[in-house]
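Structure file coords-v6.cif; described as mmCIF, C-alpha atoms; chains and numbers go by the auth columns.
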```
data_model
loop_
_atom_site.group_PDB
_atom_site.id
_atom_site.type_symbol
_atom_site.label_atom_id
_atom_site.label_comp_id
_atom_site.label_asym_id
_atom_site.label_seq_id
_atom_site.Cartn_x
_atom_site.Cartn_y
_atom_site.Cartn_z
_atom_site.B_iso_or_equiv
_atom_site.auth_seq_id
_atom_site.auth_asym_id
ATOM 1 C CA MET A 1 -7.941 -7.756 11.808 0.00 1 V
ATOM 2 C CA ASN A 2 -5.385 -7.827 14.565 0.00 2 V
ATOM 3 C CA GLN A 3 -2.040 -6.161 14.212 0.00 3 V
ATOM 4 C CA GLN A 4 0.922 -7.493 16.100 0.00 4 V
ATOM 5 C CA SER A 5 2.844 -4.547 17.458 0.00 5 V
ATOM 6 C CA TYR A 6 6.550 -4.679 16.769 0.00 6 V
ATOM 7 C CA ASP A 7 8.096 -1.535 18.168 0.00 7 V
ATOM 8 C CA SER A 8 11.628 -2.852 18.339 0.00 8 V
ATOM 9 C CA PRO A 9 13.766 -1.689 15.401 0.00 9 V
ATOM 10 C CA ASP A 10 15.112 -5.177 14.647 0.00 10 V
ATOM 11 C CA GLU A 11 11.747 -6.418 13.379 0.00 11 V
ATOM 12 C CA GLU A 12 11.491 -6.303 9.595 0.00 12 V
ATOM 13 C CA ALA A 13 7.732 -5.978 9.077 0.00 13 V
ATOM 14 C CA ARG A 14 4.451 -6.096 10.904 0.00 14 V
ATOM 15 C CA GLU A 15 2.337 -9.190 10.496 0.00 15 V
ATOM 16 C CA TRP A 16 -1.373 -8.773 9.843 0.00 16 V
ATOM 17 C CA HIS A 17 -3.665 -11.638 10.827 0.00 17 V
ATOM 18 C CA ILE A 18 -7.388 -12.339 10.803 0.00 18 V
ATOM 19 C CA SER A 19 -8.441 -14.261 13.893 0.00 19 V
ATOM 20 C CA ALA A 20 -10.126 -17.659 13.471 0.00 20 V
ATOM 21 C CA GLY A 21 -13.438 -16.313 14.804 0.00 21 V
ATOM 22 C CA TRP A 22 -13.494 -13.499 12.274 0.00 22 V
ATOM 23 C CA LEU A 23 -12.457 -15.838 9.476 0.00 23 V
ATOM 24 C CA ILE A 24 -15.387 -18.156 10.229 0.00 24 V
ATOM 25 C CA GLN A 25 -17.779 -15.192 10.281 0.00 25 V
ATOM 26 C CA ILE A 26 -16.429 -13.910 6.970 0.00 26 V
ATOM 27 C CA GLU A 27 -16.653 -17.350 5.349 0.00 27 V
ATOM 28 C CA LEU A 28 -20.235 -17.927 6.545 0.00 28 V
ATOM 29 C CA GLY A 29 -21.231 -14.465 5.336 0.00 29 V
ATOM 30 C CA TRP A 30 -19.594 -15.113 1.984 0.00 30 V
ATOM 31 C CA LEU A 31 -21.358 -18.501 1.701 0.00 31 V
ATOM 32 C CA VAL A 32 -24.746 -16.887 2.287 0.00 32 V
ATOM 33 C CA ALA A 33 -23.925 -14.051 -0.128 0.00 33 V
ATOM 34 C CA THR A 34 -22.800 -16.466 -2.861 0.00 34 V
ATOM 35 C CA GLY A 35 -26.002 -18.421 -2.402 0.00 35 V
ATOM 36 C CA PHE A 36 -28.070 -15.322 -3.089 0.00 36 V
ATOM 37 C CA ILE A 37 -25.788 -14.114 -5.881 0.00 37 V
ATOM 38 C CA GLY A 38 -25.780 -17.569 -7.517 0.00 38 V
ATOM 39 C CA TRP A 39 -29.569 -17.818 -7.204 0.00 39 V
ATOM 40 C CA HIS A 40 -29.916 -14.388 -8.845 0.00 40 V
ATOM 41 C CA LEU A 41 -27.389 -15.078 -11.621 0.00 41 V
ATOM 42 C CA GLY A 42 -28.864 -18.519 -12.299 0.00 42 V
ATOM 43 C CA GLY A 43 -32.250 -16.905 -12.922 0.00 43 V
ATOM 44 C CA LEU A 44 -30.957 -14.452 -15.513 0.00 44 V
ATOM 45 C CA PRO A 45 -31.501 -15.048 -19.220 0.00 45 V
ATOM 46 C CA PRO A 46 -28.533 -17.045 -20.579 0.00 46 V
ATOM 47 C CA ASP A 47 -27.594 -14.445 -23.197 0.00 47 V
ATOM 48 C CA THR A 48 -26.757 -11.681 -20.670 0.00 48 V
ATOM 49 C CA TRP A 49 -23.120 -11.067 -19.790 0.00 49 V
ATOM 50 C CA PRO A 50 -23.522 -11.638 -16.003 0.00 50 V
ATOM 51 C CA ALA A 51 -25.092 -15.051 -16.632 0.00 51 V
ATOM 52 C CA GLN A 52 -22.368 -15.960 -19.125 0.00 52 V
ATOM 53 C CA ALA A 53 -19.623 -14.837 -16.723 0.00 53 V
ATOM 54 C CA TYR A 54 -21.279 -16.901 -13.956 0.00 54 V
ATOM 55 C CA ARG A 55 -21.244 -20.015 -16.127 0.00 55 V
ATOM 56 C CA VAL A 56 -17.687 -19.483 -17.450 0.00 56 V
ATOM 57 C CA LEU A 57 -15.931 -18.332 -14.260 0.00 57 V
ATOM 58 C CA ALA A 58 -17.901 -20.189 -11.582 0.00 58 V
ATOM 59 C CA GLY A 59 -19.087 -23.213 -13.549 0.00 59 V
ATOM 60 C CA GLY A 60 -22.677 -22.106 -13.229 0.00 60 V
ATOM 61 C CA ASN A 61 -23.008 -23.199 -9.599 0.00 61 V
ATOM 62 C CA VAL A 62 -22.848 -21.597 -6.171 0.00 62 V
ATOM 63 C CA LEU A 63 -19.897 -23.689 -4.984 0.00 63 V
ATOM 64 C CA GLY A 64 -17.779 -22.482 -7.921 0.00 64 V
ATOM 65 C CA LEU A 65 -18.751 -18.887 -7.129 0.00 65 V
ATOM 66 C CA PHE A 66 -17.869 -19.467 -3.453 0.00 66 V
ATOM 67 C CA VAL A 67 -14.421 -20.851 -4.358 0.00 67 V
ATOM 68 C CA LEU A 68 -13.802 -18.049 -6.877 0.00 68 V
ATOM 69 C CA GLY A 69 -14.730 -15.432 -4.279 0.00 69 V
ATOM 70 C CA ASN A 70 -12.486 -17.051 -1.659 0.00 70 V
ATOM 71 C CA ALA A 71 -9.550 -17.083 -4.077 0.00 71 V
ATOM 72 C CA ALA A 72 -10.096 -13.435 -5.011 0.00 72 V
ATOM 73 C CA GLY A 73 -10.519 -12.453 -1.346 0.00 73 V
ATOM 74 C CA TYR A 74 -7.356 -14.282 -0.315 0.00 74 V
ATOM 75 C CA LEU A 75 -5.331 -12.655 -3.091 0.00 75 V
ATOM 76 C CA LEU A 76 -6.716 -9.233 -2.177 0.00 76 V
ATOM 77 C CA TYR A 77 -5.907 -9.847 1.500 0.00 77 V
ATOM 78 C CA GLU A 78 -2.334 -10.827 0.632 0.00 78 V
ATOM 79 C CA GLU A 79 -1.868 -7.728 -1.540 0.00 79 V
ATOM 80 C CA ILE A 80 -3.120 -5.456 1.251 0.00 80 V
ATOM 81 C CA LYS A 81 -0.877 -7.252 3.732 0.00 81 V
ATOM 82 C CA MET A 82 2.168 -6.725 1.482 0.00 82 V
ATOM 83 C CA VAL A 83 1.355 -3.045 0.989 0.00 83 V
ATOM 84 C CA LEU A 84 0.957 -2.500 4.740 0.00 84 V
ATOM 85 C CA ALA A 85 4.214 -4.349 5.429 0.00 85 V
ATOM 86 C CA ARG A 86 6.045 -2.186 2.875 0.00 86 V
ATOM 87 C CA ILE A 87 4.603 1.001 4.391 0.00 87 V
ATOM 88 C CA HIS A 88 5.740 -0.127 7.835 0.00 88 V
ATOM 89 C CA GLN A 89 9.200 -0.946 6.483 0.00 89 V
ATOM 90 C CA ARG A 90 9.516 2.543 4.998 0.00 90 V
ATOM 91 C CA GLU A 91 8.347 4.118 8.262 0.00 91 V
ATOM 92 C CA THR A 92 10.880 2.043 10.201 0.00 92 V
ATOM 93 C CA ILE A 93 13.698 3.092 7.870 0.00 93 V
ATOM 94 C CA ALA A 94 12.660 6.753 8.095 0.00 94 V
ATOM 95 C CA LYS A 95 12.575 6.574 11.912 0.00 95 V
ATOM 96 C CA ALA A 96 16.028 4.956 11.978 0.00 96 V
ATOM 97 C CA VAL A 97 17.456 7.627 9.657 0.00 97 V
ATOM 98 C CA ASN A 98 15.885 10.434 11.709 0.00 98 V
ATOM 99 C CA LYS A 99 17.277 8.953 14.921 0.00 99 V
ATOM 100 C CA ALA A 100 20.747 8.596 13.390 0.00 100 V
ATOM 101 C CA VAL A 101 20.683 12.199 12.165 0.00 101 V
ATOM 102 C CA LYS A 102 19.479 13.499 15.541 0.00 102 V
ATOM 103 C CA ASP A 103 22.157 11.506 17.357 0.00 103 V
ATOM 104 C CA ALA A 104 24.862 12.760 14.978 0.00 104 V
ATOM 105 C CA VAL A 105 23.740 16.380 15.372 0.00 105 V
ATOM 106 C CA LYS A 106 23.550 16.013 19.155 0.00 106 V
ATOM 107 C CA GLU A 107 27.067 14.553 19.254 0.00 107 V
ATOM 108 C CA ALA A 108 28.425 17.278 16.947 0.00 108 V
ATOM 109 C CA VAL A 109 26.851 20.016 19.089 0.00 109 V
ATOM 110 C CA LYS A 110 28.241 18.404 22.242 0.00 110 V
ATOM 111 C CA GLU A 111 31.746 18.311 20.730 0.00 111 V
ATOM 112 C CA ALA A 112 31.477 21.907 19.492 0.00 112 V
ATOM 113 C CA VAL A 113 30.356 23.124 22.925 0.00 113 V
ATOM 114 C CA LYS A 114 33.179 21.217 24.616 0.00 114 V
ATOM 115 C CA LYS A 115 35.759 22.616 22.201 0.00 115 V
ATOM 116 C CA THR A 116 34.407 26.156 22.574 0.00 116 V
ATOM 117 C CA ARG A 117 34.454 25.906 26.381 0.00 117 V
ATOM 118 C CA GLU A 118 38.060 24.705 26.292 0.00 118 V
ATOM 119 C CA GLU A 119 39.067 27.567 23.974 0.00 119 V
ATOM 120 C CA VAL A 120 37.293 30.197 26.095 0.00 120 V
ATOM 121 C CA LEU A 121 38.819 28.789 29.285 0.00 121 V
ATOM 122 C CA GLU A 122 42.278 28.842 27.724 0.00 122 V
ATOM 123 C CA GLU A 123 41.810 32.456 26.544 0.00 123 V
ATOM 124 C CA GLN A 124 40.629 33.468 30.032 0.00 124 V
ATOM 125 C CA GLN A 125 43.582 31.749 31.653 0.00 125 V
ATOM 126 C CA GLN A 126 45.996 33.491 29.262 0.00 126 V
ATOM 127 C CA ALA A 127 44.334 36.871 29.921 0.00 127 V
ATOM 128 C CA VAL A 128 44.524 36.369 33.689 0.00 128 V
ATOM 129 C CA ALA A 129 48.153 35.227 33.439 0.00 129 V
ATOM 130 C CA ALA A 130 49.047 38.300 31.349 0.00 130 V
ATOM 131 C CA TRP A 131 47.223 40.596 33.774 0.00 131 V
ATOM 132 C CA TYR A 132 49.020 38.980 36.713 0.00 132 V
ATOM 133 C CA GLU A 133 52.406 39.449 35.000 0.00 133 V
ATOM 134 C CA ARG A 134 51.628 43.146 34.400 0.00 134 V
ATOM 135 C CA GLN A 135 50.547 43.533 38.038 0.00 135 V
ATOM 136 C CA GLN A 136 53.710 41.842 39.339 0.00 136 V
ATOM 137 C CA ALA A 137 55.905 43.911 37.018 0.00 137 V
ATOM 138 C CA ALA A 138 54.241 47.124 38.252 0.00 138 V
ATOM 139 C CA GLN A 139 54.771 46.114 41.888 0.00 139 V
ATOM 140 C CA ARG A 140 58.416 45.261 41.272 0.00 140 V
ATOM 141 C CA GLU A 141 58.949 48.644 39.624 0.00 141 V
ATOM 142 C CA GLY A 142 56.985 50.444 42.335 0.00 142 V
ATOM 143 C CA ARG A 143 54.358 51.803 39.925 0.00 143 V
ATOM 144 C CA PRO A 144 50.687 52.053 40.822 0.00 144 V
ATOM 145 C CA PHE A 145 48.536 49.363 39.128 0.00 145 V
ATOM 146 C CA ASP A 146 44.829 50.116 38.814 0.00 146 V
ATOM 147 C CA GLU A 147 43.915 47.888 35.871 0.00 147 V
ATOM 148 C CA PRO A 148 40.914 45.676 36.723 0.00 148 V
ATOM 149 C CA PRO A 149 41.330 41.911 36.321 0.00 149 V
ATOM 150 C CA PRO A 150 40.180 40.373 33.034 0.00 150 V
ATOM 151 C CA GLY A 151 36.465 39.756 32.773 0.00 151 V
ATOM 152 C CA TYR A 152 35.656 42.346 35.419 0.00 152 V
ATOM 153 C CA VAL A 153 33.036 44.844 34.291 0.00 153 V
ATOM 154 C CA ASN A 154 31.943 48.087 35.936 0.00 154 V
ATOM 155 C CA GLY A 155 33.428 48.403 39.389 0.00 155 V
ATOM 156 C CA ASP A 156 36.697 48.561 41.201 0.00 156 V
ATOM 157 C CA ALA A 157 39.608 46.184 40.848 0.00 157 V
ATOM 158 C CA ASN A 158 38.838 44.044 43.910 0.00 158 V
ATOM 159 C CA GLY A 159 35.538 42.778 42.455 0.00 159 V
ATOM 160 C CA SER A 160 33.109 44.863 44.468 0.00 160 V
ATOM 161 C CA SER A 161 30.443 46.970 42.809 0.00 161 V
ATOM 162 C CA PRO A 162 30.612 50.730 43.144 0.00 162 V
ATOM 163 C CA SER A 163 28.246 52.274 45.674 0.00 163 V
ATOM 164 C CA GLU A 164 25.695 54.704 44.387 0.00 164 V
#
```
Please lay out the structure from this file as structure tokens.
Amino acid sequence: MNQQSYDSPDEEAREWHISAGWLIQIELGWLVATGFIGWHLGGLPPDTWPAQAYRVLAGGNVLGLFVLGNAAGYLLYEEIKMVLARIHQRETIAKAVNKAVKDAVKEAVKEAVKKTREEVLEEQQQAVAAWYERQQAAQREGRPFDEPPPGYVNGDANGSSPSE
């Protein structure tokens, strides 16, 4: 069986096909098998259930058994094909939902980070502006001002680290 690969999300279902070469091999194998099965069933006593089923369902001949087997095989093939197509459809839907959720989460995180950065930047700017106003007020009044700038940790007010 060959499977056509449809990786694009706009495809509805995968198509499953048996190549012509394989189909001929399967049919020839089935013809030989029905010949042996028909020969065996034809030699059974007529009152056994396999012999009765052979006469009723296949008409008591190999060609009828061959046609019956082909019909059953085709129906089975179609059922398997439908099941596989449905499984693929469910997988495709699940992948699309997962992608949509991931994209939505990624976008929400990106927006939250952007908003948080803006808020932090605004708070820093307000803190620096308030510090600058206090510094200017102290200079105007002639008072000493030794408060470090906002965000400065461990060191002197000009941004250099203390020497050890």
Using 12 Å as the limit and counting all atoms listed in the file, can you tabulate each residue of stretch 79-124 of chain V that touches stretch 128-134 of chain V, with its shortest atom-to-atom distance in Å and the two atoms involved, as a Markdown table?
```
| residue | atom | partner | partner_atom | distance |
| --- | --- | --- | --- | --- |
| V:Leu121 | CA | V:Val128 | CA | 10.5 |
| V:Glu122 | CA | V:Val128 | CA | 9.9 |
| V:Glu123 | CA | V:Val128 | CA | 8.6 |
| V:Gln124 | CA | V:Val128 | CA | 6.1 |
```
#### Entry: Residues matched by the PyMOL selection byres ((chain V and resi 27) around 12), written as a list in words
Ile18, Ala20, Gly21, Trp22, Leu23, Ile24, Gln25, Ile26, Leu28, Gly29, Trp30, Leu31, Val32, Ala33, Thr34, Phe66, Val67, Gly69, Asn70, Ala71, Gly73 and Tyr74 of chain V
### Neighbour list for V:Gly43 as number ranges by chain, cut-off 12 Å, all atoms listed in the file, skip fewer than 6 positions in-chain
V: 36-37, 50-52, 54-55, 60-61
Write out as lines of an AutoDock Vina configuration file an axis-aligned box for stretch 56-68 of chain V: all of its atoms listed in the file, 6 Å added on each side, centre and edge lengths in Å with one decimal.
```
center_x = -18.4
center_y = -20.9
center_z = -10.5
size_x = 21.2
size_y = 17.6
size_z = 26.0
```
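The protein and nucleic acid residues lying at most 9 Å from V:Ala127 are Pro149, Pro150 and Gly151 of chain V, with all atoms listed in the file considered and sequence neighbours fewer than 6 positions away removed.
Here atom CA of V:Val97 stands at a distance of 20.0 Å from atom CA of V:Leu84.
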### Query
By how many Å are atom CA of V:His17 and atom CA of V:Leu68 apart?
21.4 Å
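Coordinates place atom CA of V:Tyr152 at a distance of 15.2 Å from atom CA of V:Gln135.
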Need to verify the contact set: V:Val62, 8 Å, all atoms listed in the file, exclusion of same-chain residues closer than 6 positions in sequence. Can you return it as a short mmCIF file (atom, residue, chain, number, x, y, z; two decimals) with C-alpha atoms, keeping the file's coordinate frame?
```cif
data_model
loop_
_atom_site.label_atom_id
_atom_site.label_comp_id
_atom_site.auth_asym_id
_atom_site.auth_seq_id
_atom_site.Cartn_x
_atom_site.Cartn_y
_atom_site.Cartn_z
CA THR V 34 -22.80 -16.47 -2.86
CA GLY V 35 -26.00 -18.42 -2.40
CA GLY V 38 -25.78 -17.57 -7.52
CA TRP V 39 -29.57 -17.82 -7.20
#
```
Step by step: locate stretch 18-43 of chain V in the block above, keep N, CA and C atoms, then write the file as a PDB file, in the first residue's frame.
```pdb
ATOM      1  N   ILE V  18      -3.652   1.043  -3.453  1.00  0.00           N
ATOM      2  CA  ILE V  18      -2.857  -0.136  -3.760  1.00  0.00           C
ATOM      3  C   ILE V  18      -2.424   0.024  -5.209  1.00  0.00           C
ATOM      4  N   SER V  19      -1.130  -0.117  -5.456  1.00  0.00           N
ATOM      5  CA  SER V  19      -0.633   0.067  -6.820  1.00  0.00           C
ATOM      6  C   SER V  19      -1.152  -1.060  -7.712  1.00  0.00           C
ATOM      7  N   ALA V  20      -1.149  -0.826  -9.022  1.00  0.00           N
ATOM      8  CA  ALA V  20      -1.658  -1.812  -9.979  1.00  0.00           C
ATOM      9  C   ALA V  20      -0.861  -3.118  -9.899  1.00  0.00           C
ATOM     10  N   GLY V  21       0.446  -3.020  -9.749  1.00  0.00           N
ATOM     11  CA  GLY V  21       1.284  -4.218  -9.643  1.00  0.00           C
ATOM     12  C   GLY V  21       0.913  -5.070  -8.441  1.00  0.00           C
ATOM     13  N   TRP V  22       0.714  -4.417  -7.306  1.00  0.00           N
ATOM     14  CA  TRP V  22       0.313  -5.161  -6.109  1.00  0.00           C
ATOM     15  C   TRP V  22      -1.089  -5.733  -6.259  1.00  0.00           C
ATOM     16  N   LEU V  23      -1.973  -4.994  -6.882  1.00  0.00           N
ATOM     17  CA  LEU V  23      -3.342  -5.475  -7.072  1.00  0.00           C
ATOM     18  C   LEU V  23      -3.353  -6.736  -7.931  1.00  0.00           C
ATOM     19  N   ILE V  24      -2.555  -6.761  -8.981  1.00  0.00           N
ATOM     20  CA  ILE V  24      -2.475  -7.955  -9.833  1.00  0.00           C
ATOM     21  C   ILE V  24      -1.914  -9.129  -9.035  1.00  0.00           C
ATOM     22  N   GLN V  25      -0.893  -8.897  -8.237  1.00  0.00           N
ATOM     23  CA  GLN V  25      -0.323  -9.965  -7.416  1.00  0.00           C
ATOM     24  C   GLN V  25      -1.346 -10.502  -6.418  1.00  0.00           C
ATOM     25  N   ILE V  26      -2.081  -9.601  -5.787  1.00  0.00           N
ATOM     26  CA  ILE V  26      -3.100 -10.022  -4.826  1.00  0.00           C
ATOM     27  C   ILE V  26      -4.194 -10.830  -5.521  1.00  0.00           C
ATOM     28  N   GLU V  27      -4.650 -10.354  -6.667  1.00  0.00           N
ATOM     29  CA  GLU V  27      -5.712 -11.061  -7.396  1.00  0.00           C
ATOM     30  C   GLU V  27      -5.258 -12.446  -7.857  1.00  0.00           C
ATOM     31  N   LEU V  28      -4.039 -12.551  -8.380  1.00  0.00           N
ATOM     32  CA  LEU V  28      -3.535 -13.866  -8.803  1.00  0.00           C
ATOM     33  C   LEU V  28      -3.385 -14.808  -7.611  1.00  0.00           C
ATOM     34  N   GLY V  29      -2.896 -14.281  -6.503  1.00  0.00           N
ATOM     35  CA  GLY V  29      -2.785 -15.093  -5.287  1.00  0.00           C
ATOM     36  C   GLY V  29      -4.143 -15.548  -4.804  1.00  0.00           C
ATOM     37  N   TRP V  30      -5.113 -14.652  -4.847  1.00  0.00           N
ATOM     38  CA  TRP V  30      -6.468 -15.002  -4.417  1.00  0.00           C
ATOM     39  C   TRP V  30      -7.084 -16.042  -5.364  1.00  0.00           C
ATOM     40  N   LEU V  31      -6.829 -15.927  -6.667  1.00  0.00           N
ATOM     41  CA  LEU V  31      -7.343 -16.896  -7.630  1.00  0.00           C
ATOM     42  C   LEU V  31      -6.780 -18.289  -7.349  1.00  0.00           C
ATOM     43  N   VAL V  32      -5.501 -18.364  -7.093  1.00  0.00           N
ATOM     44  CA  VAL V  32      -4.886 -19.664  -6.773  1.00  0.00           C
ATOM     45  C   VAL V  32      -5.456 -20.192  -5.465  1.00  0.00           C
ATOM     46  N   ALA V  33      -5.568 -19.325  -4.453  1.00  0.00           N
ATOM     47  CA  ALA V  33      -6.099 -19.759  -3.158  1.00  0.00           C
ATOM     48  C   ALA V  33      -7.536 -20.235  -3.284  1.00  0.00           C
ATOM     49  N   THR V  34      -8.367 -19.533  -4.056  1.00  0.00           N
ATOM     50  CA  THR V  34      -9.763 -19.970  -4.205  1.00  0.00           C
ATOM     51  C   THR V  34      -9.841 -21.288  -4.961  1.00  0.00           C
ATOM     52  N   GLY V  35      -8.924 -21.504  -5.865  1.00  0.00           N
ATOM     53  CA  GLY V  35      -8.891 -22.801  -6.554  1.00  0.00           C
ATOM     54  C   GLY V  35      -8.669 -23.936  -5.570  1.00  0.00           C
ATOM     55  N   PHE V  36      -7.693 -23.779  -4.697  1.00  0.00           N
ATOM     56  CA  PHE V  36      -7.427 -24.809  -3.695  1.00  0.00           C
ATOM     57  C   PHE V  36      -8.561 -24.927  -2.680  1.00  0.00           C
ATOM     58  N   ILE V  37      -9.066 -23.771  -2.223  1.00  0.00           N
ATOM     59  CA  ILE V  37     -10.168 -23.809  -1.257  1.00  0.00           C
ATOM     60  C   ILE V  37     -11.408 -24.449  -1.883  1.00  0.00           C
ATOM     61  N   GLY V  38     -11.730 -24.051  -3.122  1.00  0.00           N
ATOM     62  CA  GLY V  38     -12.891 -24.644  -3.808  1.00  0.00           C
ATOM     63  C   GLY V  38     -12.714 -26.134  -4.035  1.00  0.00           C
ATOM     64  N   TRP V  39     -11.514 -26.553  -4.411  1.00  0.00           N
ATOM     65  CA  TRP V  39     -11.237 -27.981  -4.606  1.00  0.00           C
ATOM     66  C   TRP V  39     -11.436 -28.731  -3.293  1.00  0.00           C
ATOM     67  N   HIS V  40     -10.959 -28.157  -2.188  1.00  0.00           N
ATOM     68  CA  HIS V  40     -11.112 -28.795  -0.877  1.00  0.00           C
ATOM     69  C   HIS V  40     -12.587 -28.831  -0.460  1.00  0.00           C
ATOM     70  N   LEU V  41     -13.283 -27.697  -0.583  1.00  0.00           N
ATOM     71  CA  LEU V  41     -14.686 -27.660  -0.158  1.00  0.00           C
ATOM     72  C   LEU V  41     -15.576 -28.528  -1.045  1.00  0.00           C
ATOM     73  N   GLY V  42     -15.237 -28.605  -2.326  1.00  0.00           N
ATOM     74  CA  GLY V  42     -16.023 -29.455  -3.235  1.00  0.00           C
ATOM     75  C   GLY V  42     -15.888 -30.940  -2.906  1.00  0.00           C
ATOM     76  N   GLY V  43     -14.790 -31.313  -2.273  1.00  0.00           N
ATOM     77  CA  GLY V  43     -14.572 -32.713  -1.921  1.00  0.00           C
ATOM     78  C   GLY V  43     -15.137 -33.103  -0.577  1.00  0.00           C
TER      79      GLY V  43
END
```
